[in-house]
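Some notes on the structure that comes next.
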Amino acid sequence: MTADPRTPTRTLLPVASARQTWTTLGAQFRDRPGLSTAAATVLVAAATGGLVAPWVLGRLVDDVIADAPVSRIAGRVAVIAAAAVLTGLLTALGAALASRLGETVLARLRERVLDRALHLPSATLERAGTGDLLARVGDDVAVVTNVIAVSGPAFVGALLSVVLTVFGLVALDWRLGLAGLVAAPAYALALRWYLRRSMPYYARERVATGERTQAMAGALRGAATVRAYRTEDAHVAAIAERSGLARDLSLEIFNLHTRFGLRINRSEFLGLAAVLVAGFFLVRDDLVTVGAATTAALYFHRLFNPIGLLLLESDSVLQAGASLARLVGVASLPDTAPPAAAGPATAPAGPRGPAALDVTVRRHHYDDGPLVLADVELRLAPGERVALVGASGAGKSTLAGIAAGIIAPTDGSVRLDGVPLTGAGEAVSRRDVALVSQEVHVFAGPLAADLRLAAPDATDAELLDALERVGATAWLSALPDGLATPVGEGGHRLTAAQAQQVALARLVLTAPAVAVLDEATAEAGSAGARDLDRAALAATRGRTTLIVAHRLSQAVTADRIVVLDHGRIVEQGTHDELLAADGRYGHLWRSWRVPV
């Protein structure tokens with residue numbers, strides 16, 4: 001598939017190998033031995049029960065030829081009826097148990113995928129694109145779920161039926177079994193023809209689906225910008241192009257599937273004809289009875305549906321396999337979540353007052369990219385307010401992410417009151433360091449629930465106090481239901497400045513020892529800039545604070561200003577000291593043209 005020259009090259013999330021996928025599934029089944037054993041036992045019993053009716057029917061034919069009494073014939077008919085009822089019940093129970101097992105395994109896998117997705121480094125997610133991840137947790141999960149709930153139990157039952165029926169055919173008479181095997185090469189060739197042509201299409205189809213989701217998500221997320229620059233037609237064209245590619249791949253697969261069905265019918269004809277011809281000669285020479293030949297023909301005819309289902313449903317199974325490999329690829333990513341704090345359960349959660357923060361970055365780069373930070377030694381004293389300033393691309397946001405524990409430095413460390421912020425045996429709670437970025441999210445639901453994400457046990461009074469502290473009481477009083485007002489998608493739409501105030505209120509409720517603000521007031525615009533700066537100052541009062549200053553007015557109020565240039569600290573001091581030095585900061589200040 002040719003890459004779109006208009007879009008940057010993306011590094012998709014990993015896809016598991018077949019071995020990794022089966023290993024992961026096997027581990028999930030072993031974790032549920034009772035349900036796995038019950039499902040397997042019932043499915044085998046159901047497949048075995050399906051062999052009873054053809055075998056008894058063959059004996060019935062021999063009884064009729066031998067002019068057996070009516071009572072024996074009636075007994076044979078009763079056995080056939082009982083076997084049919086019992087097999088139907090076992091089949092239904094086996095399908096229910098298999099579906100329950102499959103849904104349980106998929107639920108655990110889905111939870112693991114979501115856990116890994118939520119802990120993905122932001123740089124990894126940006127390189128992959130949100131479309132790839134959304135396609136996996138959306139389309140791929142839907143494909144696997146459909147197979148597990150609908151096709152999976154039938155597929156497993158059909159596989160068992162084929163194996164046991166072939167065994168029964170050979171046990172009946174090896175010559176009749178050998179005749180039936182004439183169809184095996186034809187089936188194998190048909191399947192080989194189909195797999196060689198279809199498997200690449202399925203992998204490409206899943207990627208194309210992710211590309212389509214990426215195009216749609218990007219256009220919808222930036223709808224306002226798209227309209228502002230009148231690029232609707234370009235985005236619609238990009239979506240149409242990716243949708244057309246996915247459609248064309250689906251049509252190619254359908255064409256292959258139809259031609260595959262013709263090859264299956266040809267194989268069925270060859271096999272049944274061979275069994276009937278062999279049965280004729282064996283009966284003629286008195287080597288088998290008419291009933292045995294009848295049973296053999298019925299056994300082979302009974303293979304039509306399960307073999308057809310196995311081969312035709314391979315379409316769905318192959319899609320599910322490709323989707324499952326993509327899910328396992330994400331689920332198998334290393335766990336980047338910080339380990340639980342070591343020590344007894346009664347140990348303190350960590351410092352709740354202002355704490356000292358020491359950041360050492362000898363070097364940092366993303367993957368094989370250029371050096372972003374080098375030789376950075378930054379110490380924040382307890383309660384100190386430090387502003388990071390510098391030109392775009394100087395490394396400010398990267399340093400802020402490292403200080404907050406969101407980004408692991410390539411070579412360096414972060415310590416809170418001398419204790420490593422990350423690593424084995426950490427004794428620092430992640431709630432002791434909080435990051436508020438420029439891009440905040442308001443979750444759909446009541447405003448109170450959105451705030452309680454930071455403090456689940458907070459009372460309404462505490463929520464109101466946090467909002468008052470960040471200056472949000474004016475717009476809060478205008479909400480129709482106050483804290484109970486639905487906000488976010490489908491609810492009351494908050495402005496960018498109001499959303500930042502909600503994020504700052506969460507910061508107040510979290511009560512961290514260290515607050516990191518990565519241009520957290522940049523979305524306010526000139527009108528609300530001063531109000532939002534005051535809100536940030538109030539939210540971080542009494543805490544050790546590191547600010548990535550979008551406006552240099554934020555740096556004026558800091559206890560110390562640290563100037564970054566090309567990933568290195570080139571100056572630091574107070575606002576007045578740096579102006580007097582007339583260095584890099586002085587140049588930035590004059591360019592910004594803000595009166596003292």
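In the structure tokens, chains take the letters A, B, ... in the order shown, each chain's residues start at 1, and ligands count up from 1 in the order shown.
When the distance limit is 12 Å and only C-alpha atoms are what count, the residues near A:Thr48, minus those fewer than 5 positions from it on the same chain, are Thr41, Val42, Leu43, Ala53, Pro54, Trp55, Ala83, Ala84, Leu86, Thr87, Gly88, Leu90, Thr91, Gly157, Ala158, Leu159, Leu160, Ser161, Val162, Val163, Leu164, Thr165, Val166, Phe167 and Gly168 of chain A.
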Please give the complete set of residues from stretch 352-445 of chain A that DSSP, run on the backbone, assigns to helix (DSSP H, G or I), formatted as a PyMOL selection string.
chain A and resi 396-403+430-432
Non-local contacts of stretch 93-104 of chain A (12 Å; only C-alpha atoms; under 3 positions in same chain excluded) as an NGL selection string
:A and (25-26 or 28-47 or 86-90 or 107-111 or 141-142 or 144-158 or 160)
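Nearest to A:Val85 of all the residues A:Val52, A:Val470, A:Ile547, A:Ala478 is A:Val52, counting only C-alpha atoms.
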Smallest atom-to-atom distance to A:Leu399: which of A:Leu172, A:Ala237, A:Ala74, A:Leu378, using only C-alpha atoms?
A:Leu378
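Using only C-alpha atoms, the nearest neighbour of A:Gln20 within the list A:Gly488, A:Val328, A:Leu134, A:Ala466 is A:Val328.
Here atom CA of A:Leu276 and atom CA of A:Ala82 stand 28.1 Å from one another.
Coordinates place atom CA of A:Leu118 at a distance of 29.5 Å from atom CA of A:Leu537.
Using only C-alpha atoms for every distance, the candidate list A:Trp475, A:Tyr585, A:Tyr201, A:Phe304 yields A:Tyr201 as the residue closest to A:Arg247.
Compared by their closest atoms to A:Thr213, and using only C-alpha atoms, the residues A:Thr289, A:Thr21, A:Ser243, A:Thr545 rank with A:Ser243 nearest.
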Need the shell around A:Ala381: protein/DNA/RNA residues with any atom at most 12 Å away, counting only C-alpha atoms. Skip same-chain ones fewer than 6 positions apart. Format as a list in words?
Pro354, Ala355, Ala356, Leu357, Asp358, Val359, Arg415, Leu416, Asp417, Gly418, Ala513, Val514, Gly542, Arg543, Thr544, Thr545, Leu546, Asp559 and Arg560 of chain A
Give me every strand (DSSP E) residue in stretch 173-411 of chain A, going by DSSP on the backbone, as an mmCIF file with all heavy atoms, in the first residue's frame.
data_model
loop_
_atom_site.group_PDB
_atom_site.id
_atom_site.type_symbol
_atom_site.label_atom_id
_atom_site.label_comp_id
_atom_site.auth_asym_id
_atom_site.auth_seq_id
_atom_site.Cartn_x
_atom_site.Cartn_y
_atom_site.Cartn_z
ATOM 1 N N LEU A 357 12.298 19.061 44.397
ATOM 2 C CA LEU A 357 12.306 18.272 43.172
ATOM 3 C C LEU A 357 13.649 18.439 42.478
ATOM 4 O O LEU A 357 14.073 19.562 42.195
ATOM 5 C CB LEU A 357 11.179 18.729 42.241
ATOM 6 C CG LEU A 357 11.016 17.923 40.939
ATOM 7 C CD1 LEU A 357 10.499 16.528 41.243
ATOM 8 C CD2 LEU A 357 10.067 18.642 39.976
ATOM 9 N N ASP A 358 14.322 17.314 42.236
ATOM 10 C CA ASP A 358 15.618 17.326 41.556
ATOM 11 C C ASP A 358 15.497 16.599 40.225
ATOM 12 O O ASP A 358 15.137 15.415 40.189
ATOM 13 C CB ASP A 358 16.687 16.643 42.421
ATOM 14 C CG ASP A 358 17.013 17.453 43.663
ATOM 15 O OD1 ASP A 358 17.800 18.394 43.552
ATOM 16 O OD2 ASP A 358 16.451 17.134 44.743
ATOM 17 N N VAL A 359 15.793 17.303 39.142
ATOM 18 C CA VAL A 359 15.710 16.728 37.804
ATOM 19 C C VAL A 359 17.099 16.732 37.184
ATOM 20 O O VAL A 359 17.722 17.796 37.058
ATOM 21 C CB VAL A 359 14.730 17.513 36.905
ATOM 22 C CG1 VAL A 359 14.622 16.854 35.530
ATOM 23 C CG2 VAL A 359 13.357 17.609 37.553
ATOM 24 N N THR A 360 17.571 15.559 36.807
ATOM 25 C CA THR A 360 18.868 15.427 36.145
ATOM 26 C C THR A 360 18.661 14.744 34.802
ATOM 27 O O THR A 360 18.146 13.626 34.745
ATOM 28 C CB THR A 360 19.847 14.598 36.997
ATOM 29 O OG1 THR A 360 20.038 15.238 38.256
ATOM 30 C CG2 THR A 360 21.189 14.454 36.287
ATOM 31 N N VAL A 361 19.017 15.427 33.742
ATOM 32 C CA VAL A 361 18.901 14.852 32.394
ATOM 33 C C VAL A 361 20.259 15.012 31.715
ATOM 34 O O VAL A 361 20.610 16.094 31.245
ATOM 35 C CB VAL A 361 17.803 15.541 31.559
ATOM 36 C CG1 VAL A 361 17.676 14.850 30.201
ATOM 37 C CG2 VAL A 361 16.470 15.524 32.280
ATOM 38 N N ARG A 362 21.021 13.933 31.720
ATOM 39 C CA ARG A 362 22.308 13.993 31.029
ATOM 40 C C ARG A 362 22.126 14.065 29.516
ATOM 41 O O ARG A 362 22.849 14.778 28.833
ATOM 42 C CB ARG A 362 23.154 12.773 31.434
ATOM 43 C CG ARG A 362 23.719 12.892 32.860
ATOM 44 C CD ARG A 362 24.441 11.639 33.290
ATOM 45 N NE ARG A 362 23.503 10.587 33.656
ATOM 46 C CZ ARG A 362 22.930 10.482 34.854
ATOM 47 N NH1 ARG A 362 23.213 11.380 35.801
ATOM 48 N NH2 ARG A 362 22.095 9.509 35.133
ATOM 49 N N ARG A 363 21.142 13.322 29.042
ATOM 50 C CA ARG A 363 20.759 13.431 27.630
ATOM 51 C C ARG A 363 19.375 12.821 27.470
ATOM 52 O O ARG A 363 18.982 11.914 28.214
ATOM 53 C CB ARG A 363 21.768 12.738 26.706
ATOM 54 C CG ARG A 363 21.911 11.247 26.943
ATOM 55 C CD ARG A 363 23.000 10.637 26.059
ATOM 56 N NE ARG A 363 23.163 9.221 26.328
ATOM 57 C CZ ARG A 363 22.423 8.246 25.780
ATOM 58 N NH1 ARG A 363 21.486 8.582 24.905
ATOM 59 N NH2 ARG A 363 22.620 6.987 26.085
ATOM 60 N N HIS A 364 18.645 13.324 26.494
ATOM 61 C CA HIS A 364 17.334 12.745 26.181
ATOM 62 C C HIS A 364 17.032 12.962 24.712
ATOM 63 O O HIS A 364 17.238 14.051 24.169
ATOM 64 C CB HIS A 364 16.225 13.387 27.026
ATOM 65 C CG HIS A 364 14.867 12.830 26.712
ATOM 66 N ND1 HIS A 364 14.470 11.580 27.115
ATOM 67 C CD2 HIS A 364 13.837 13.338 25.976
ATOM 68 C CE1 HIS A 364 13.240 11.349 26.682
ATOM 69 N NE2 HIS A 364 12.840 12.393 25.984
ATOM 70 N N HIS A 365 16.543 11.884 24.092
ATOM 71 C CA HIS A 365 16.068 11.969 22.705
ATOM 72 C C HIS A 365 14.943 10.969 22.545
ATOM 73 O O HIS A 365 14.788 10.032 23.346
ATOM 74 C CB HIS A 365 17.193 11.684 21.703
ATOM 75 C CG HIS A 365 17.896 10.373 21.942
ATOM 76 N ND1 HIS A 365 17.373 9.160 21.544
ATOM 77 C CD2 HIS A 365 19.077 10.086 22.556
ATOM 78 C CE1 HIS A 365 18.201 8.201 21.886
ATOM 79 N NE2 HIS A 365 19.239 8.723 22.510
ATOM 80 N N LEU A 371 19.059 14.913 19.607
ATOM 81 C CA LEU A 371 19.120 15.205 21.032
ATOM 82 C C LEU A 371 18.160 16.345 21.353
ATOM 83 O O LEU A 371 18.152 17.387 20.697
ATOM 84 C CB LEU A 371 20.552 15.614 21.408
ATOM 85 C CG LEU A 371 20.954 15.460 22.875
ATOM 86 C CD1 LEU A 371 20.893 14.006 23.307
ATOM 87 C CD2 LEU A 371 22.352 16.022 23.087
ATOM 88 N N VAL A 372 17.318 16.141 22.376
ATOM 89 C CA VAL A 372 16.338 17.145 22.768
ATOM 90 C C VAL A 372 16.799 17.910 23.998
ATOM 91 O O VAL A 372 16.660 19.132 24.076
ATOM 92 C CB VAL A 372 14.966 16.481 23.046
ATOM 93 C CG1 VAL A 372 13.934 17.523 23.481
ATOM 94 C CG2 VAL A 372 14.474 15.748 21.809
ATOM 95 N N LEU A 373 17.359 17.207 24.988
ATOM 96 C CA LEU A 373 17.877 17.821 26.202
ATOM 97 C C LEU A 373 19.263 17.270 26.480
ATOM 98 O O LEU A 373 19.551 16.103 26.195
ATOM 99 C CB LEU A 373 16.963 17.533 27.391
ATOM 100 C CG LEU A 373 15.555 18.135 27.381
ATOM 101 C CD1 LEU A 373 14.730 17.580 28.541
ATOM 102 C CD2 LEU A 373 15.604 19.657 27.447
ATOM 103 N N ALA A 374 20.124 18.095 27.053
ATOM 104 C CA ALA A 374 21.480 17.649 27.379
ATOM 105 C C ALA A 374 22.014 18.445 28.571
ATOM 106 O O ALA A 374 21.828 19.665 28.651
ATOM 107 C CB ALA A 374 22.404 17.822 26.174
ATOM 108 N N ASP A 375 22.641 17.732 29.500
ATOM 109 C CA ASP A 375 23.338 18.349 30.644
ATOM 110 C C ASP A 375 22.426 19.291 31.427
ATOM 111 O O ASP A 375 22.827 20.418 31.769
ATOM 112 C CB ASP A 375 24.581 19.097 30.152
ATOM 113 C CG ASP A 375 25.554 18.195 29.409
ATOM 114 O OD1 ASP A 375 25.673 17.031 29.812
ATOM 115 O OD2 ASP A 375 26.156 18.653 28.425
ATOM 116 N N VAL A 376 21.218 18.821 31.726
ATOM 117 C CA VAL A 376 20.263 19.640 32.478
ATOM 118 C C VAL A 376 20.293 19.224 33.942
ATOM 119 O O VAL A 376 20.074 18.046 34.262
ATOM 120 C CB VAL A 376 18.830 19.494 31.916
ATOM 121 C CG1 VAL A 376 17.834 20.201 32.816
ATOM 122 C CG2 VAL A 376 18.767 20.048 30.504
ATOM 123 N N GLU A 377 20.577 20.161 34.808
ATOM 124 C CA GLU A 377 20.509 19.950 36.262
ATOM 125 C C GLU A 377 19.575 21.012 36.814
ATOM 126 O O GLU A 377 19.895 22.204 36.817
ATOM 127 C CB GLU A 377 21.892 20.088 36.894
ATOM 128 C CG GLU A 377 22.871 18.978 36.550
ATOM 129 C CD GLU A 377 22.637 17.717 37.371
ATOM 130 O OE1 GLU A 377 21.817 17.787 38.326
ATOM 131 O OE2 GLU A 377 23.262 16.682 37.077
ATOM 132 N N LEU A 378 18.421 20.575 37.285
ATOM 133 C CA LEU A 378 17.414 21.516 37.761
ATOM 134 C C LEU A 378 16.927 21.085 39.133
ATOM 135 O O LEU A 378 16.468 19.955 39.297
ATOM 136 C CB LEU A 378 16.225 21.574 36.784
ATOM 137 C CG LEU A 378 15.076 22.505 37.154
ATOM 138 C CD1 LEU A 378 15.560 23.953 37.217
ATOM 139 C CD2 LEU A 378 13.932 22.364 36.161
ATOM 140 N N ARG A 379 17.048 21.989 40.113
ATOM 141 C CA ARG A 379 16.560 21.704 41.468
ATOM 142 C C ARG A 379 15.546 22.772 41.866
ATOM 143 O O ARG A 379 15.813 23.974 41.733
ATOM 144 C CB ARG A 379 17.696 21.677 42.482
ATOM 145 C CG ARG A 379 17.210 21.490 43.917
ATOM 146 C CD ARG A 379 18.331 21.399 44.923
ATOM 147 N NE ARG A 379 17.814 21.387 46.287
ATOM 148 C CZ ARG A 379 17.300 20.326 46.904
ATOM 149 N NH1 ARG A 379 17.233 19.163 46.264
ATOM 150 N NH2 ARG A 379 16.851 20.398 48.149
ATOM 151 N N LEU A 380 14.389 22.296 42.323
ATOM 152 C CA LEU A 380 13.356 23.187 42.839
ATOM 153 C C LEU A 380 13.284 22.986 44.349
ATOM 154 O O LEU A 380 13.067 21.859 44.825
ATOM 155 C CB LEU A 380 11.983 22.882 42.221
ATOM 156 C CG LEU A 380 11.702 23.448 40.818
ATOM 157 C CD1 LEU A 380 12.534 22.720 39.762
ATOM 158 C CD2 LEU A 380 10.216 23.304 40.480
ATOM 159 N N ARG A 385 8.768 28.524 43.152
ATOM 160 C CA ARG A 385 8.022 28.651 41.899
ATOM 161 C C ARG A 385 9.035 29.000 40.805
ATOM 162 O O ARG A 385 9.641 30.073 40.808
ATOM 163 C CB ARG A 385 6.976 29.751 42.048
ATOM 164 C CG ARG A 385 6.019 29.896 40.869
ATOM 165 C CD ARG A 385 5.000 30.999 41.164
ATOM 166 N NE ARG A 385 4.030 31.136 40.102
ATOM 167 C CZ ARG A 385 2.924 30.425 39.994
ATOM 168 N NH1 ARG A 385 2.645 29.527 40.925
ATOM 169 N NH2 ARG A 385 2.085 30.599 38.997
ATOM 170 N N VAL A 386 9.204 28.067 39.857
ATOM 171 C CA VAL A 386 10.216 28.215 38.804
ATOM 172 C C VAL A 386 9.512 28.249 37.450
ATOM 173 O O VAL A 386 8.622 27.437 37.176
ATOM 174 C CB VAL A 386 11.228 27.053 38.851
ATOM 175 C CG1 VAL A 386 12.198 27.143 37.675
ATOM 176 C CG2 VAL A 386 11.983 27.069 40.167
ATOM 177 N N ALA A 387 9.917 29.202 36.618
ATOM 178 C CA ALA A 387 9.353 29.330 35.268
ATOM 179 C C ALA A 387 10.387 28.895 34.239
ATOM 180 O O ALA A 387 11.555 29.298 34.313
ATOM 181 C CB ALA A 387 8.921 30.766 35.011
ATOM 182 N N LEU A 388 9.961 28.065 33.280
ATOM 183 C CA LEU A 388 10.796 27.663 32.153
ATOM 184 C C LEU A 388 10.434 28.523 30.955
ATOM 185 O O LEU A 388 9.273 28.599 30.562
ATOM 186 C CB LEU A 388 10.559 26.199 31.790
ATOM 187 C CG LEU A 388 11.194 25.120 32.655
ATOM 188 C CD1 LEU A 388 10.768 23.748 32.143
ATOM 189 C CD2 LEU A 388 12.700 25.232 32.652
ATOM 190 N N VAL A 389 11.414 29.200 30.381
ATOM 191 C CA VAL A 389 11.166 30.011 29.197
ATOM 192 C C VAL A 389 12.178 29.633 28.129
ATOM 193 O O VAL A 389 13.219 29.045 28.410
ATOM 194 C CB VAL A 389 11.239 31.526 29.505
ATOM 195 C CG1 VAL A 389 10.241 31.921 30.579
ATOM 196 C CG2 VAL A 389 12.645 31.920 29.923
ATOM 197 N N ASP A 411 18.685 9.253 29.638
ATOM 198 C CA ASP A 411 19.747 9.096 30.641
ATOM 199 C C ASP A 411 19.563 10.190 31.677
ATOM 200 O O ASP A 411 19.857 11.361 31.418
ATOM 201 C CB ASP A 411 21.125 9.207 29.973
ATOM 202 C CG ASP A 411 22.273 8.980 30.958
ATOM 203 O OD1 ASP A 411 21.990 8.604 32.116
ATOM 204 O OD2 ASP A 411 23.442 9.184 30.570
#
